[in-house]
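**Q** Once you've had a glance at the structure underneath, I'll fire off some questions.
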Amino acid sequence: MKKLAIMVLAAVLAFAAASPCRAADTIKIGAILAVTGPASNLGAPEARTLEMLVDDMNAKGGISGKKIQLIMKDSASSPEKAVSFAKQLIEEEKVFAIIGPSTSGETMAIKNIAEEGKTILLSCAAAEVIVNPVAAHVFKVAPKDSFAVDMIFEQMKKMKISKIGVLSSNTGFGKAGKEQVEKRAPGHGIQIVASEVYDKAATDLTAEVTKMKSANVQAILNWSIEPAQAIVIKNARQIGFKGPIFQSHGFGNIKYAEAAGPAAEGVIFPASRLLIADSLPKNNPQKAVLIKYKKDYELKCHGEECSTFGGHAYDALMILARAIKEKGFDRAAVRSAIENMKGFVGTAGIFNFSPSDHNGLDMKAFEMLTVRHGKFAPLSK
Amino acid sequence: MASKYSQIILFSLLIAGIQVLTHVTDSSYHLTQLTMTAYYSLLVIGLCMLIGYAGQISIGHAGFFAIGGYISAFLTTHDFSAQKGLPIVGFLVKTGIMTRRPDLYGGDLLTVHPWTACILAVCTALLIAFVIGGPVLKLRGHYLAMATLGFGIIIYRIVLGTTLLGAADGITDVPAFGLPGGIEVSGKGAGRIANYYIAWGTVVAGMTLLVNLIHSRVGRALTAIHGAEDAADAMGIDTADYKLRIFVLSAGYAALAGVLLTHYNGGIGPSEASVIKSVRYVSIVAIGGMASLWGALIMSLLLNYLSLRGSFGTFDDAVFGAILILIMLFAPEGLLRKQIIGDVKALFGRSAGRGEDQ
Amino acid sequence: MNLELLFQYIVAGITYGTIYAVVAIGFNIIYNATGIINFAQGEFVMLGGMTAVTLSGFLPLPAAILGAVIITMMIGGLVEIVFIRWLKSPSVLRMIIITIGLSIVIREVALHIWGEGVRALPYFSGTSVSSINLWGVFISPQVLWVIGISSVMVFFLSLFFNYTLTGRQMRACAANRDAARLCGINAGNMVTLSFMLSAAIGALGGCIVSPITYVQYDSGTPLAIKGFTVAILGGLGNSTAAVAAGMILGILESFSIWVLPAAYKDVVSITILLAILFIRPSGIFGDAEAARLKEY
């Protein structure tokens, strides 16, 4: 027993002594992302994007002469791990800023920690409550769900749809979307006739879409970010549902359209212009940024298609980089630079921050897209 | 014999020593992960008692942790203002069981006092364990494993699917848990050292209780049950009763750990109820030595600490899975039993035959 | 609810049910030969699907499926030889823990090989929108493939176990290992064979359902749990009962969304599992006496 005690003591001593050395010419940026686990289709592209960007930027000399040391932590969507890593990054590594987390639940778990530790937090998650109430150091780069919902409802009104069925997954994204949908439907004159929440790992949703069809809905709205999105479409078309199918901006990865095959034709959803970067008009302010990101990501990730989720990580890092370039390495100055940043062209849209708006995106960030011949295309008016 | 307490005292000195060390090397940030580790260790020692001494496997113990944490989180964050008018609510407010506190937006919340919430949470866990323990513990082998697994999954599905409990986002903004003397269980930086000692103090207290139990009549009965259940039965030991008692006790430990960690972290998420967590706890008990409380505790300290620091990177789950396989293949009695230490020494030294004193 | 709707639900239930039954049969084969519940069974299904998708990148579909089944079979055999075989009479507890550990490790390895994305084989006939209209009920042709291939598989398995020498040897080992040894049967090889067979079945199952359900690195575990529920429901070791039990569970789950939100679908199957374990662990079709006497 005594020997054990000594062994453990020695181990702890080793850890205590092994505090990472801080070279004066690097800037530490932390990242807490859900690389593995239930939200891996968010976190893994985000992680790859960050690594790709940091490598690129360091090859060109870093930010304002200092190389970036990216400290990436895999939280696997666990809030308790996020808490532990946040404290570790802030207190031990003393990072300049933290990018992430990927999900809203984790972000809320560390919001107060980041604020107390006066460390800039650029979250890639979408929940309203991350920036409302505003915390001085906490920002989010993902667009508001309510904008997406409003755009969908406007489109439905144009198509004279008034009775819909809503399907959502049991993830944070699905839950938040469902809330917004239910809140805003009456305002647009849309009636939700049937509503089902399914498990994110569901492999067959025939029973659920059958219920919708039997309730005679005119359209089905599905709100989720995982592969089940493709399953919903397939099952709906297989049982002969002919009405339009709407998806959330979580559909923003061509893999889902491919996975659903011909069933995905005609699906309507709001998304960032990243997905149709190639077909944007030349004078679109976002076009250059989007095409470059798309090309770099696909090159780096062996042909894997880029997605809007990876784009959030891009936006977060580039916003931080721009603020540092403007104001140097003083945290308070950088924080206020971000807070007052206007006209930042990102993948999710054009950001205009303000002290009361730590999200910076408006409805123009979204564009209504559809799937035509297996590819994303703008929904022509 | 004072020896059963000497280990506890040594351990307490180790804990204090670690804290002083971090203070001296100006690395107090380690205390965060160490505090979280303490709470997980509380669950692990309870589980070790169940698996090692009562011989009942449980791959669903994260469920009890979640019951404790979620009930406490829910009661201390849910705004009961809507029920303000009810006379019972008025009575609860007067006796201090319910309190008012400010919320995120500057408004007013009517929630349950953390102490009451804690007691309710742990009692609920004990009750549930008592109720399902009866039928579950009648099962053996695979059936027992699957029943406990099923229990863990049901809890996970319930917390994941229920909007009131935050669904996938979990519950956040859980207030601090005030203790007498002005200290509180919370994640704030200022209370770091105090929280460290509270956490490990709880573990030491829990350990003392278990050590006492082992050296008492109950412990001897358990050893008999573990050794040969039918023989123990024949000797008149009420095996079912003892197994149930230990099951309920281990559930209580898990729930208490859940409550305290939730207040420390300021929140809880469905990930705390997941199967992978339950498996993790089992693998820690396995590597520490199924029937060795100290082994389980030391291993929990080490492995949970490393995991919380992200030392295993994206292989976090794989590490625990690999531990399970390797331990079961090569050292089913665990790593830290006395014999292994003797073996290692024999390997490195020439004094193989002389045995060692510990 | 009209008749059409009823049938649509039943068809949905049969779809899930067949998938679960295939996994359950895999459990039963290993259980019969060794008394072990292989928690990694779901991972065999996942590996079969993933490997097939990778192979289909440069092989025609039938060859890709065959290749995936063979590769997974080899992996199954390897698992048995490396992790199970050289343990002398391990306790049940130890086996449970080892297979749980295996399930986790295989899953994480799959994550690092294939990444987190979903994959699917192309539909065997038709596309994702084709559906056959049978008396007002819409069925995807792939569902018919799943039911068809599963039935053929069950048929051939029963032929194997009843009429071939190897099959009967495996049954002998299952009934009484020592007696089988005395008859000159190499029990150790039978065990390896059972793992390989189980893995092959699981892999085939994974291939045929992947167009409908997609495979992802973590799709193995939920399947294993459902599969185990079905195996116990039917009575551990009884594969025909597993098919029936699979249908029952699938249909119950399918209809459950009329009374419970779909998010609680899993709670339904677990509750059924617990109920069976508490009330009648030998399963609906199992023999309580025989279950108690089975020894390893």
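In the structure tokens, chains take letters A, B, ... by order of appearance, with residues numbered from 1 within each chain and ligands from 1 in the order shown.
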Quick one: contact table of chain B to chain C, 8 Å max, nearest atom pair and distance in Å to one decimal per residue, counting only C-alpha atoms, chain and number order, as a Markdown table?
**A**
| residue | atom | partner | partner_atom | distance |
| --- | --- | --- | --- | --- |
| B:Ile57 | CA | C:Leu93 | CA | 7.6 |
| B:Pro135 | CA | C:Phe278 | CA | 5.9 |
| B:Val136 | CA | C:Phe278 | CA | 7.0 |
| B:Leu139 | CA | C:Leu277 | CA | 7.8 |
| B:Gly141 | CA | C:Val92 | CA | 6.0 |
| B:His142 | CA | C:Ile37 | CA | 7.1 |
| B:Tyr143 | CA | C:Leu277 | CA | 6.8 |
| B:Ala145 | CA | C:Ile96 | CA | 8.0 |
| B:Ala147 | CA | C:Leu274 | CA | 6.0 |
| B:Gly150 | CA | C:Ile270 | CA | 5.7 |
| B:Phe151 | CA | C:Ile270 | CA | 7.9 |
| B:Ile153 | CA | C:Ile270 | CA | 7.6 |
| B:Ile154 | CA | C:Val267 | CA | 5.6 |
| B:Arg157 | CA | C:Val267 | CA | 6.6 |
| B:Ile158 | CA | C:Tyr264 | CA | 7.4 |
| B:Gly161 | CA | C:Ala263 | CA | 5.7 |
| B:Phe315 | CA | C:Glu108 | CA | 7.2 |
| B:Asp317 | CA | C:Ile104 | CA | 7.1 |
| B:Ala318 | CA | C:Val105 | CA | 5.1 |
| B:Val319 | CA | C:Val105 | CA | 8.0 |
| B:Phe320 | CA | C:Gly101 | CA | 7.5 |
| B:Gly321 | CA | C:Gly101 | CA | 4.1 |
| B:Ala322 | CA | C:Gly101 | CA | 6.0 |
| B:Ile323 | CA | C:Gly101 | CA | 7.5 |
| B:Leu324 | CA | C:Gly101 | CA | 5.2 |
| B:Ile325 | CA | C:Ile98 | CA | 4.8 |
| B:Met328 | CA | C:Arg94 | CA | 6.0 |
| B:Leu329 | CA | C:Phe83 | CA | 7.2 |
| B:Pro332 | CA | C:Arg94 | CA | 7.5 |
**Q** Please produce a file of the residues just selected, as a PDB file, in the first residue's frame, where the atoms kept are N, CA and C atoms.
**A**
ATOM      1  N   ILE B  57     -22.570  -8.473 -10.874  1.00  0.00           N
ATOM      2  CA  ILE B  57     -22.122  -7.496 -11.854  1.00  0.00           C
ATOM      3  C   ILE B  57     -23.232  -6.487 -12.127  1.00  0.00           C
ATOM      4  N   PRO B 135     -36.122  -8.302  -7.903  1.00  0.00           N
ATOM      5  CA  PRO B 135     -36.160  -9.170  -9.085  1.00  0.00           C
ATOM      6  C   PRO B 135     -34.830  -9.271  -9.819  1.00  0.00           C
ATOM      7  N   VAL B 136     -34.094  -8.160  -9.915  1.00  0.00           N
ATOM      8  CA  VAL B 136     -32.852  -8.199 -10.687  1.00  0.00           C
ATOM      9  C   VAL B 136     -31.844  -9.162 -10.070  1.00  0.00           C
ATOM     10  N   LEU B 139     -31.482 -12.923 -10.697  1.00  0.00           N
ATOM     11  CA  LEU B 139     -30.920 -13.419 -11.941  1.00  0.00           C
ATOM     12  C   LEU B 139     -29.436 -13.716 -11.778  1.00  0.00           C
ATOM     13  N   GLY B 141     -25.549 -14.508 -13.913  1.00  0.00           N
ATOM     14  CA  GLY B 141     -24.746 -14.517 -15.137  1.00  0.00           C
ATOM     15  C   GLY B 141     -25.207 -13.510 -16.178  1.00  0.00           C
ATOM     16  N   HIS B 142     -25.408 -14.005 -17.400  1.00  0.00           N
ATOM     17  CA  HIS B 142     -25.784 -13.127 -18.501  1.00  0.00           C
ATOM     18  C   HIS B 142     -27.061 -12.379 -18.228  1.00  0.00           C
ATOM     19  N   TYR B 143     -28.012 -13.059 -17.634  1.00  0.00           N
ATOM     20  CA  TYR B 143     -29.305 -12.428 -17.436  1.00  0.00           C
ATOM     21  C   TYR B 143     -29.179 -11.233 -16.505  1.00  0.00           C
ATOM     22  N   ALA B 145     -26.453  -9.452 -16.052  1.00  0.00           N
ATOM     23  CA  ALA B 145     -25.743  -8.401 -16.779  1.00  0.00           C
ATOM     24  C   ALA B 145     -26.704  -7.651 -17.691  1.00  0.00           C
ATOM     25  N   ALA B 147     -29.949  -7.441 -17.476  1.00  0.00           N
ATOM     26  CA  ALA B 147     -30.962  -6.681 -16.745  1.00  0.00           C
ATOM     27  C   ALA B 147     -30.393  -5.344 -16.288  1.00  0.00           C
ATOM     28  N   GLY B 150     -30.014  -3.163 -19.236  1.00  0.00           N
ATOM     29  CA  GLY B 150     -31.317  -2.640 -19.623  1.00  0.00           C
ATOM     30  C   GLY B 150     -31.761  -1.497 -18.739  1.00  0.00           C
ATOM     31  N   PHE B 151     -31.530  -1.632 -17.438  1.00  0.00           N
ATOM     32  CA  PHE B 151     -31.885  -0.563 -16.520  1.00  0.00           C
ATOM     33  C   PHE B 151     -31.161   0.727 -16.885  1.00  0.00           C
ATOM     34  N   ILE B 153     -29.974   1.594 -19.727  1.00  0.00           N
ATOM     35  CA  ILE B 153     -30.464   2.152 -20.990  1.00  0.00           C
ATOM     36  C   ILE B 153     -31.798   2.859 -20.807  1.00  0.00           C
ATOM     37  N   ILE B 154     -32.676   2.275 -19.987  1.00  0.00           N
ATOM     38  CA  ILE B 154     -33.969   2.928 -19.762  1.00  0.00           C
ATOM     39  C   ILE B 154     -33.761   4.318 -19.175  1.00  0.00           C
ATOM     40  N   ARG B 157     -32.535   6.621 -21.870  1.00  0.00           N
ATOM     41  CA  ARG B 157     -33.581   6.998 -22.815  1.00  0.00           C
ATOM     42  C   ARG B 157     -34.550   7.983 -22.186  1.00  0.00           C
ATOM     43  N   ILE B 158     -34.821   7.792 -20.898  1.00  0.00           N
ATOM     44  CA  ILE B 158     -35.756   8.702 -20.251  1.00  0.00           C
ATOM     45  C   ILE B 158     -35.166  10.102 -20.183  1.00  0.00           C
ATOM     46  N   GLY B 161     -34.993  11.625 -23.657  1.00  0.00           N
ATOM     47  CA  GLY B 161     -36.232  11.896 -24.378  1.00  0.00           C
ATOM     48  C   GLY B 161     -37.156  12.882 -23.688  1.00  0.00           C
ATOM     49  N   PHE B 315      -9.224   8.318 -28.375  1.00  0.00           N
ATOM     50  CA  PHE B 315      -9.311   6.893 -28.057  1.00  0.00           C
ATOM     51  C   PHE B 315      -9.858   6.652 -26.667  1.00  0.00           C
ATOM     52  N   ASP B 317     -12.758   6.052 -25.215  1.00  0.00           N
ATOM     53  CA  ASP B 317     -13.568   4.861 -24.959  1.00  0.00           C
ATOM     54  C   ASP B 317     -12.786   3.595 -25.251  1.00  0.00           C
ATOM     55  N   ALA B 318     -11.993   3.653 -26.314  1.00  0.00           N
ATOM     56  CA  ALA B 318     -11.240   2.456 -26.702  1.00  0.00           C
ATOM     57  C   ALA B 318     -10.320   2.004 -25.584  1.00  0.00           C
ATOM     58  N   VAL B 319      -9.733   2.971 -24.858  1.00  0.00           N
ATOM     59  CA  VAL B 319      -8.814   2.612 -23.772  1.00  0.00           C
ATOM     60  C   VAL B 319      -9.519   1.744 -22.739  1.00  0.00           C
ATOM     61  N   PHE B 320     -10.726   2.153 -22.346  1.00  0.00           N
ATOM     62  CA  PHE B 320     -11.415   1.374 -21.318  1.00  0.00           C
ATOM     63  C   PHE B 320     -11.857   0.015 -21.844  1.00  0.00           C
ATOM     64  N   GLY B 321     -12.229  -0.018 -23.129  1.00  0.00           N
ATOM     65  CA  GLY B 321     -12.574  -1.294 -23.726  1.00  0.00           C
ATOM     66  C   GLY B 321     -11.360  -2.217 -23.740  1.00  0.00           C
ATOM     67  N   ALA B 322     -10.207  -1.665 -24.122  1.00  0.00           N
ATOM     68  CA  ALA B 322      -8.995  -2.464 -24.174  1.00  0.00           C
ATOM     69  C   ALA B 322      -8.607  -2.945 -22.788  1.00  0.00           C
ATOM     70  N   ILE B 323      -8.783  -2.070 -21.787  1.00  0.00           N
ATOM     71  CA  ILE B 323      -8.474  -2.476 -20.406  1.00  0.00           C
ATOM     72  C   ILE B 323      -9.291  -3.695 -20.028  1.00  0.00           C
ATOM     73  N   LEU B 324     -10.594  -3.647 -20.354  1.00  0.00           N
ATOM     74  CA  LEU B 324     -11.453  -4.768 -20.015  1.00  0.00           C
ATOM     75  C   LEU B 324     -10.914  -6.061 -20.612  1.00  0.00           C
ATOM     76  N   ILE B 325     -10.581  -5.991 -21.890  1.00  0.00           N
ATOM     77  CA  ILE B 325     -10.120  -7.203 -22.557  1.00  0.00           C
ATOM     78  C   ILE B 325      -8.827  -7.700 -21.929  1.00  0.00           C
ATOM     79  N   MET B 328      -9.155  -9.038 -18.310  1.00  0.00           N
ATOM     80  CA  MET B 328      -9.856 -10.315 -18.233  1.00  0.00           C
ATOM     81  C   MET B 328      -9.017 -11.439 -18.811  1.00  0.00           C
ATOM     82  N   LEU B 329      -8.171 -11.117 -19.802  1.00  0.00           N
ATOM     83  CA  LEU B 329      -7.346 -12.156 -20.394  1.00  0.00           C
ATOM     84  C   LEU B 329      -6.177 -12.509 -19.480  1.00  0.00           C
ATOM     85  N   PRO B 332      -7.302 -11.468 -14.313  1.00  0.00           N
ATOM     86  CA  PRO B 332      -8.699 -11.316 -13.925  1.00  0.00           C
ATOM     87  C   PRO B 332      -8.904 -10.879 -12.492  1.00  0.00           C
TER      88      PRO B 332
END
**Q** Could you list, as a PyMOL selection string, every residue within 9 Å of Gln191 in chain A, counting only C-alpha atoms and ignoring same-chain residues fewer than 4 positions away?
**A** chain A and resi 162-165+185-186
**Q** For the selection just defined, write its residues with C-alpha atoms to a file, as a CSV table (one decimal), in the first residue's frame.
**A**
chain,number,residue,atom,x,y,z
A,162,SER,CA,-51.1,25.3,-44.3
A,163,LYS,CA,-51.1,21.8,-42.7
A,164,ILE,CA,-47.8,20.2,-42.0
A,165,GLY,CA,-46.3,17.3,-40.1
A,185,ALA,CA,-46.1,28.3,-37.0
A,186,PRO,CA,-49.2,30.1,-35.8
**Q** Rank A:Gly30, A:Pro45, A:Pro244, A:Pro79 by their smallest atom-to-atom distance to chain C, using only C-alpha atoms, and report the top residue only.
**A**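 For chain C, the nearest of the candidates is A:Pro45.
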**Q** Identify, on the basis of only C-alpha atoms, every residue whose closest approach to Ala251 in chain B does not exceed 7 Å; exclude the query and any residue fewer than 3 positions from it along the same chain; express the result as a ChimeraX atom specification.
**A** /B:64,125-126,129,247-248,254-255
**Q** For chain A against chain B, which residues fall within 7 Å using only C-alpha atoms, given as a list in words?
**A**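 My answer is Met1, Ala5, Ala16, Thr36, Lys73, Asp74, Ser78, Pro79, Glu80, Lys81, Val83, Ser84, Phe85, Gln88, Glu91, Glu92, Ser104, Gly105, Met108, Ala109, Pro133, Asn170, Thr171 and Gly172 of chain A.
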**Q** Go ahead and save the residues from that selection, with N, CA and C atoms, as an mmCIF file, in the first residue's frame.
**A**
data_model
loop_
_atom_site.group_PDB
_atom_site.id
_atom_site.type_symbol
_atom_site.label_atom_id
_atom_site.label_comp_id
_atom_site.auth_asym_id
_atom_site.auth_seq_id
_atom_site.Cartn_x
_atom_site.Cartn_y
_atom_site.Cartn_z
ATOM 1 N N MET A 1 0.822 -1.215 0.000
ATOM 2 C CA MET A 1 0.000 0.000 0.000
ATOM 3 C C MET A 1 0.846 1.250 0.000
ATOM 4 N N ALA A 5 1.233 4.238 -2.830
ATOM 5 C CA ALA A 5 1.072 5.658 -2.564
ATOM 6 C C ALA A 5 2.223 6.424 -3.194
ATOM 7 N N ALA A 16 2.468 17.367 -12.587
ATOM 8 C CA ALA A 16 2.576 18.751 -12.137
ATOM 9 C C ALA A 16 3.763 19.423 -12.799
ATOM 10 N N THR A 36 -15.652 12.572 -31.625
ATOM 11 C CA THR A 36 -16.241 11.231 -31.629
ATOM 12 C C THR A 36 -17.547 11.322 -30.860
ATOM 13 N N LYS A 73 -9.373 19.304 -28.030
ATOM 14 C CA LYS A 73 -9.857 18.332 -27.060
ATOM 15 C C LYS A 73 -11.141 17.692 -27.592
ATOM 16 N N ASP A 74 -11.220 16.392 -27.492
ATOM 17 C CA ASP A 74 -12.408 15.683 -27.972
ATOM 18 C C ASP A 74 -13.386 15.480 -26.824
ATOM 19 N N SER A 78 -19.950 15.210 -24.366
ATOM 20 C CA SER A 78 -20.266 15.098 -22.944
ATOM 21 C C SER A 78 -20.060 16.435 -22.259
ATOM 22 N N PRO A 79 -21.117 16.991 -21.664
ATOM 23 C CA PRO A 79 -20.930 18.285 -20.992
ATOM 24 C C PRO A 79 -19.882 18.221 -19.887
ATOM 25 N N GLU A 80 -19.773 17.077 -19.195
ATOM 26 C CA GLU A 80 -18.816 17.063 -18.094
ATOM 27 C C GLU A 80 -17.382 17.094 -18.606
ATOM 28 N N LYS A 81 -17.169 16.464 -19.766
ATOM 29 C CA LYS A 81 -15.825 16.549 -20.343
ATOM 30 C C LYS A 81 -15.558 17.976 -20.821
ATOM 31 N N VAL A 83 -16.683 20.653 -19.541
ATOM 32 C CA VAL A 83 -16.356 21.451 -18.357
ATOM 33 C C VAL A 83 -14.900 21.233 -17.952
ATOM 34 N N SER A 84 -14.508 19.965 -17.898
ATOM 35 C CA SER A 84 -13.140 19.668 -17.476
ATOM 36 C C SER A 84 -12.122 20.267 -18.444
ATOM 37 N N PHE A 85 -12.383 20.109 -19.751
ATOM 38 C CA PHE A 85 -11.434 20.641 -20.732
ATOM 39 C C PHE A 85 -11.419 22.153 -20.731
ATOM 40 N N GLN A 88 -9.371 23.206 -17.969
ATOM 41 C CA GLN A 88 -7.976 22.883 -18.243
ATOM 42 C C GLN A 88 -7.381 23.882 -19.225
ATOM 43 N N GLU A 91 -7.280 27.502 -17.345
ATOM 44 C CA GLU A 91 -6.409 27.687 -16.190
ATOM 45 C C GLU A 91 -5.006 27.148 -16.411
ATOM 46 N N GLU A 92 -4.915 26.009 -17.083
ATOM 47 C CA GLU A 92 -3.591 25.401 -17.203
ATOM 48 C C GLU A 92 -2.878 25.870 -18.455
ATOM 49 N N SER A 104 -24.996 22.629 -28.326
ATOM 50 C CA SER A 104 -25.505 23.669 -27.431
ATOM 51 C C SER A 104 -25.408 23.260 -25.975
ATOM 52 N N GLY A 105 -25.701 21.993 -25.683
ATOM 53 C CA GLY A 105 -25.657 21.547 -24.296
ATOM 54 C C GLY A 105 -24.287 21.775 -23.682
ATOM 55 N N MET A 108 -23.543 25.593 -23.174
ATOM 56 C CA MET A 108 -24.168 26.166 -21.982
ATOM 57 C C MET A 108 -23.439 25.707 -20.724
ATOM 58 N N ALA A 109 -22.902 24.482 -20.766
ATOM 59 C CA ALA A 109 -22.196 23.992 -19.574
ATOM 60 C C ALA A 109 -20.940 24.808 -19.298
ATOM 61 N N PRO A 133 -29.057 35.564 -22.472
ATOM 62 C CA PRO A 133 -28.420 36.868 -22.248
ATOM 63 C C PRO A 133 -26.980 36.907 -22.720
ATOM 64 N N ASN A 170 -34.012 13.532 -31.468
ATOM 65 C CA ASN A 170 -33.909 13.828 -30.043
ATOM 66 C C ASN A 170 -32.560 14.426 -29.657
ATOM 67 N N THR A 171 -31.923 15.120 -30.599
ATOM 68 C CA THR A 171 -30.673 15.807 -30.270
ATOM 69 C C THR A 171 -30.976 17.256 -29.898
ATOM 70 N N GLY A 172 -29.953 17.949 -29.430
ATOM 71 C CA GLY A 172 -30.140 19.355 -29.074
ATOM 72 C C GLY A 172 -30.601 20.169 -30.259
#
**Q** Name all residues at most 12 Å from Ile198 in chain B (count only C-alpha atoms; drop same-chain ones fewer than 2 positions away) and give them as a PyMOL selection string.
**A** chain B and resi 15-16+31+34-36+38-39+177-180+183-186+191-196+200-205+257+260-261+264
**Q** Chain A near chain C within 6 Å: what's each residue's closest atom pair and its distance in Å to one decimal, counting only C-alpha atoms, ordered by chain then ascending residue number, as CSV?
**A**
residue,atom,partner,partner_atom,distance
A:Val197,CA,C:Ala263,CA,5.5
A:Tyr198,CA,C:Ala263,CA,4.6
A:Asp199,CA,C:Ala263,CA,5.1
A:Thr203,CA,C:Thr213,CA,4.6
A:Ala207,CA,C:Tyr9,CA,5.8
A:Lys234,CA,C:Ser128,CA,5.9
A:Arg237,CA,C:Val129,CA,5.7
A:Gln238,CA,C:Val129,CA,5.3
A:Ile239,CA,C:Phe138,CA,4.9
A:Gly261,CA,C:Ser128,CA,5.9
A:Ala263,CA,C:Val129,CA,5.3
**Q** Taking the chain letters and numbering used in this document, name the residues of range 62-217 of chain C that DSSP puts in strand (DSSP E or B), as number ranges by chain.
**A** C: 119, 132-134, 137-139, 215
**Q** Env of range 110-120 of chain A: 9 Å cut, atoms = only C-alpha atoms, seq-sep filter 6 positions within chain, self excluded. Answer as an NGL selection string.
**A** (:A and (79 or 82-83 or 86-87 or 90-91 or 94-99 or 101 or 130 or 135-139 or 331-332 or 334-335)) or (:B and (173 or 187-189 or 265-266))
**Q** Produce a file of the selected residues containing N, CA and C atoms, as a short mmCIF file (atom, residue, chain, number, x, y, z; two decimals), in the first residue's frame.
**A**
data_model
loop_
_atom_site.label_atom_id
_atom_site.label_comp_id
_atom_site.auth_asym_id
_atom_site.auth_seq_id
_atom_site.Cartn_x
_atom_site.Cartn_y
_atom_site.Cartn_z
N PRO A 79 -21.12 16.99 -21.66
CA PRO A 79 -20.93 18.29 -20.99
C PRO A 79 -19.88 18.22 -19.89
N ALA A 82 -16.59 18.58 -21.39
CA ALA A 82 -16.42 19.96 -21.85
C ALA A 82 -16.03 20.85 -20.69
N VAL A 83 -16.68 20.65 -19.54
CA VAL A 83 -16.36 21.45 -18.36
C VAL A 83 -14.90 21.23 -17.95
N ALA A 86 -12.60 22.75 -20.55
CA ALA A 86 -12.64 24.22 -20.54
C ALA A 86 -11.77 24.74 -19.41
N LYS A 87 -11.93 24.16 -18.24
CA LYS A 87 -11.12 24.63 -17.11
C LYS A 87 -9.64 24.35 -17.37
N ILE A 90 -8.37 26.91 -19.91
CA ILE A 90 -8.30 28.28 -19.41
C ILE A 90 -7.26 28.43 -18.31
N GLU A 91 -7.28 27.50 -17.35
CA GLU A 91 -6.41 27.69 -16.19
C GLU A 91 -5.01 27.15 -16.41
N LYS A 94 -3.86 28.25 -20.38
CA LYS A 94 -4.04 29.70 -20.54
C LYS A 94 -4.18 30.08 -22.01
N VAL A 95 -5.11 29.42 -22.67
CA VAL A 95 -5.29 29.69 -24.09
C VAL A 95 -5.85 31.09 -24.31
N PHE A 96 -5.61 31.59 -25.49
CA PHE A 96 -6.07 32.93 -25.83
C PHE A 96 -7.57 32.94 -26.05
N ALA A 97 -8.05 31.86 -26.70
CA ALA A 97 -9.49 31.77 -26.97
C ALA A 97 -9.84 30.31 -27.15
N ILE A 98 -11.12 30.00 -27.02
CA ILE A 98 -11.57 28.64 -27.23
C ILE A 98 -12.57 28.62 -28.38
N ILE A 99 -12.35 27.70 -29.31
CA ILE A 99 -13.31 27.53 -30.41
C ILE A 99 -14.14 26.28 -30.12
N PRO A 101 -17.82 24.74 -28.08
CA PRO A 101 -18.02 23.35 -28.48
C PRO A 101 -18.98 23.20 -29.66
N ILE A 130 -27.25 30.76 -25.93
CA ILE A 130 -25.81 30.96 -25.82
C ILE A 130 -25.47 32.46 -25.83
N ALA A 135 -23.17 37.33 -22.79
CA ALA A 135 -22.02 37.31 -21.88
C ALA A 135 -20.86 37.91 -22.66
N ALA A 136 -20.12 38.79 -22.03
CA ALA A 136 -19.13 39.59 -22.76
C ALA A 136 -18.18 38.77 -23.61
N HIS A 137 -17.77 37.59 -23.12
CA HIS A 137 -16.73 36.85 -23.84
C HIS A 137 -17.27 35.74 -24.72
N VAL A 138 -18.60 35.55 -24.71
CA VAL A 138 -19.16 34.39 -25.41
C VAL A 138 -19.84 34.81 -26.71
N PHE A 139 -19.40 34.19 -27.81
CA PHE A 139 -19.98 34.48 -29.12
C PHE A 139 -20.41 33.19 -29.77
N ARG A 331 -6.07 40.50 -24.85
CA ARG A 331 -7.36 39.80 -24.87
C ARG A 331 -8.55 40.75 -24.86
N ALA A 332 -8.48 41.74 -23.99
CA ALA A 332 -9.63 42.63 -23.87
C ALA A 332 -9.86 43.36 -25.17
N VAL A 334 -9.00 42.37 -28.20
CA VAL A 334 -9.50 41.43 -29.22
C VAL A 334 -10.98 41.16 -28.98
N ARG A 335 -11.34 41.00 -27.73
CA ARG A 335 -12.74 40.73 -27.43
C ARG A 335 -13.61 41.87 -27.94
N ASP B 173 -26.90 25.60 -15.36
CA ASP B 173 -27.17 26.65 -14.36
C ASP B 173 -27.65 26.06 -13.05
N GLY B 187 -18.36 25.15 -8.99
CA GLY B 187 -17.16 25.13 -9.82
C GLY B 187 -16.36 26.41 -9.79
N LYS B 188 -16.75 27.35 -8.97
CA LYS B 188 -16.06 28.64 -9.01
C LYS B 188 -14.59 28.50 -8.63
N GLY B 189 -13.76 29.25 -9.30
CA GLY B 189 -12.33 29.16 -9.07
C GLY B 189 -11.93 29.41 -7.64
N ASN B 265 -20.16 20.79 -11.27
CA ASN B 265 -20.08 21.16 -12.68
C ASN B 265 -21.06 22.23 -13.06
N GLY B 266 -22.08 22.40 -12.25
CA GLY B 266 -23.12 23.36 -12.59
C GLY B 266 -24.09 22.81 -13.60
#
